[in-house]
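One structure below.
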Amino acid sequence: MPGRLHVVGVRHHSPACARLVAAVLARVDPAVVLIEGPSDWNVKMAELALDHAPPIAIFTHYLTEDGPVSSFTPFCAFSPEWVALRWAFEHGKTVRFCDLPSWSKAFVGVENRYRDEDDRYERALEALCRRTGTSDLDALWDHLFEGRAPDELEPALEAYFQQIRGDTEASERDAPREAFMRDHASWALTRGDVVLVCGGYHAPALASITPGGPEPVPPAPPLGGQSHLVPWTYARMDSFAGYQAGMPSPMWWELEWKLGAGVAEAMLDRCLEALRKNMQRPTVADHIAVRTAIGGLAALRGHEAPKRVDVLDGLLSALLREPLPGPPPWSRRGIVTGDLHPTLATLLRTFTGDRVGRLSAGTERPPLLRDVHETLSRLGLSPPRNPQTVSLDWRIEGDRERLRVLHRLRLLEIPGFVRVRGPAWGTDARMAEAFKLVWRHDQDPAIIEASRWGSTLEGAVSLLLSHRLLAADSLGARVDALGDAAFVGLTKLAGEILDLVANAVATTPSLGALGPAIEKLLGLWRHGEWLEVVGAPMFAPVLRAAGERSLSLLAGIQGTDLLPADLTAMRSLAELLRHGEALGLDPDDTRAVLARRATDRAAPAMLRGAALGAIWLLDTEAAPVDSAVDGALFAASEGRLGDYLAGLFALARGPALRDEQLIGAVDAALGKLDEGAFLVALPALRLAFSWFPPAERARIGALLAARWGKRADAPWIGDVPANVLQAGLALDARVLSWGRALGVLE
């Protein structure tokens, strides 16, 4: 004989609704209990029957083209859904989650299944708040429903949810969910009486259902689709921290669930104790003022026993003497932002509570959690209860595997593994590192949540870095991701990922932006021996693309001098081209581009010098001294000698220094400049010779001393800042001009 359907519409995590569910279950004694929740978990329902200590959550993840997606279905001791589950387990009843899985299209963009859809019925709520004199949904709900007996609450909730839903048709998100719930109820009614626990907004749509039909089968999981239990915390359940579902201040509701009308006194004691621990010592007068304020507010608002907002407002009015910059956080829903008064911050933390969930020892663990624990145990890196600093060095072979594992945990943002110090890049001179290890209660939950990236530590980090490379919005971010890949020991990322990164490099609009990327990646490719990435194949396509793009940009520069970043990029490019054949760059093509630029009289002088310097650097035996001399003389004729030399010396200062013919030509050209022309050329000349370290400047001095017939050890001006030297020469010019005008100088 078909059973009867009893739909209990609830607000998630409401103690009053939890009591109502318990009362209805005891009264109806149903054959089947249906609960709004992810139906894919039904095959693992026995796992929820273990001796867990809530709060806990079902964590679901799957892969999309944009990367992994995850969502949560949380439960605490006072969640109506949890109460229904425990009753069904204890009484041996059939129990099912009757909602679509979290990978359904209905949940796209939804991180938390039990979030409140305030936006759908905002007007109705605003009207009710105005009529009751309450500030927001939470205060309204507490005022109307919390603390009421189940027999009074049930009809009140039915009327409330009917008014909230009204004649509204189900949205594109809700229509398939409610259809799936109806199919479950239709199947369950063939087995006897049914209690269906769901969010109150859905309850009116599930009132009349005809028995019949098979048990619905949830949609198959997409790629990587899995669900696991994970410990949860009250800090993550509080709406003040951004949680979109259920009730704010979870510790208040836990006490209300346990104590009923005594919740206000218990919470007040907790708050005063927390203030004392934080050296915010309330006096006896404060105690009296707080209790007086709470009692007065409760009476004024028509509350038989103080509500949550009564206690919060009473504490605020009695303990804070300073004006607040705005309304208190509990007067509205949403994340608390900005700096809070220390007393206010302590109160909010106390109302949130520090409860941490615990999973039963028999709970199935995801593969990643096992892999991490086994790896840490094998390497002696299991985090201790007391903080411990581990010092390791990449130059020591036995330390490298441990460092790679620690860096993998760092990238996955697993708490308890904090990098204290270490090299910024894999080619730094100092390769010693230190990590602080400590056990934390949120460590295993974080590892379980990281399983959305993969089932092994190496696989998870590989997918994470691939996602970072694809999502990066700048060349610097891509380079940093490849640098992290070197630290974690991934030398063979997926080829298609690297091809996409190379394509992104090929569209970089600035030569200067490519320079740092080439320098850093080429350094790892050539000198990353401590990280064991020398010649690693993952760098080759990106370096090849950077070289090709640099040459393309170089070929198109016209009419303006290079920026300092461009000049630095030219140096990095020249170094890359020295290894061009190994990277797949055609040496004839690269030299042809440089040769055209070096001899193009229409090109900027600095670019001509840099191009010739690159040729000289790539083939020191060629020694294009005549070309350098001709280029310097032409640059001097156009008043750009300093710019030309800055480009030349930036790339080939060594070969240039060894050639007395070039030094002589430069000296002769400078000697022909009048004072005005010399002052104009001085900043560029200063830049040109700044590429030489002191010892090489001394060599230039010796060459010039011999040319001028002076002693090489004669005193020289030394390192005078360009602006000082330029100002001094300008002052000399003015003094000479004044002297001639006054007739004291010829």
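Simple scheme: letters A, B, ... for chains in structure tokens order, numbers from 1 for residues in each chain, numbers from 1 for ligands in the order shown.
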>> List as a PyMOL selection string the protein and nucleic acid residues near Glu364 of chain A, meaning an atom at most 12 Å away when only C-alpha atoms are counted, but skip any in the same chain fewer than 3 places from it.
In response: chain A and resi 44-48+50+227-230+359-361+367-370+448
Please save N, CA and C atoms of the selected residues as a compact mmCIF listing (two decimals), in the first residue's frame.
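Full text of selection17.txt as output:
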# COMPACT_ATOMS: atom_id res chain seq x y z
N LYS A 44 27.71 5.36 -0.86
CA LYS A 44 28.65 5.39 0.26
C LYS A 44 27.97 5.82 1.55
N MET A 45 26.65 5.68 1.61
CA MET A 45 25.90 6.19 2.76
C MET A 45 26.37 5.58 4.08
N ALA A 46 26.81 4.33 4.04
CA ALA A 46 27.26 3.68 5.27
C ALA A 46 28.44 4.43 5.90
N GLU A 47 29.19 5.13 5.08
CA GLU A 47 30.34 5.86 5.61
C GLU A 47 29.90 7.02 6.51
N LEU A 48 28.73 7.60 6.22
CA LEU A 48 28.21 8.66 7.08
C LEU A 48 27.70 8.12 8.41
N LEU A 50 29.30 6.17 10.38
CA LEU A 50 30.40 5.96 11.32
C LEU A 50 30.37 7.03 12.41
N SER A 227 33.91 12.14 -4.59
CA SER A 227 33.44 12.78 -3.35
C SER A 227 34.10 12.10 -2.16
N HIS A 228 34.46 12.90 -1.18
CA HIS A 228 35.09 12.40 0.04
C HIS A 228 34.57 13.18 1.23
N LEU A 229 34.60 12.56 2.39
CA LEU A 229 34.30 13.29 3.62
C LEU A 229 35.53 14.06 4.06
N VAL A 230 35.28 15.24 4.61
CA VAL A 230 36.37 16.09 5.06
C VAL A 230 35.97 16.74 6.38
N LEU A 359 36.77 13.04 11.69
CA LEU A 359 36.25 11.89 10.96
C LEU A 359 36.56 10.61 11.71
N SER A 360 35.70 9.64 11.56
CA SER A 360 35.94 8.33 12.16
C SER A 360 37.20 7.70 11.56
N ALA A 361 37.85 6.89 12.37
CA ALA A 361 39.07 6.22 11.90
C ALA A 361 38.79 5.31 10.72
N PRO A 367 43.22 8.86 -2.21
CA PRO A 367 44.60 8.40 -2.47
C PRO A 367 45.65 9.46 -2.17
N LEU A 368 45.36 10.73 -2.43
CA LEU A 368 46.36 11.76 -2.20
C LEU A 368 46.74 11.83 -0.73
N LEU A 369 45.78 11.70 0.17
CA LEU A 369 46.09 11.77 1.60
C LEU A 369 47.02 10.64 1.99
N ARG A 370 46.75 9.44 1.49
CA ARG A 370 47.64 8.31 1.78
C ARG A 370 49.03 8.55 1.21
N ILE A 448 42.97 16.66 1.60
CA ILE A 448 41.81 16.04 0.96
C ILE A 448 41.26 16.98 -0.12
>> as a PyMOL selection string, please: every residue in segment 375-617 of chain A that a backbone DSSP assignment puts in strand (DSSP E).
In response: chain A and resi 388-393+417-421+432-437
> What does the distance from atom CA of Met237 of chain A to atom CA of Val33 of chain A come to in Å, to one decimal?
Replying inline: 25.2 Å
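Every protein, DNA or RNA residue with an atom at most 6 Å from Gly3 of chain A, where only C-alpha atoms count and chain neighbours fewer than 3 positions away do not, is listed here: A:Leu189, A:Gly192, A:Asp193.
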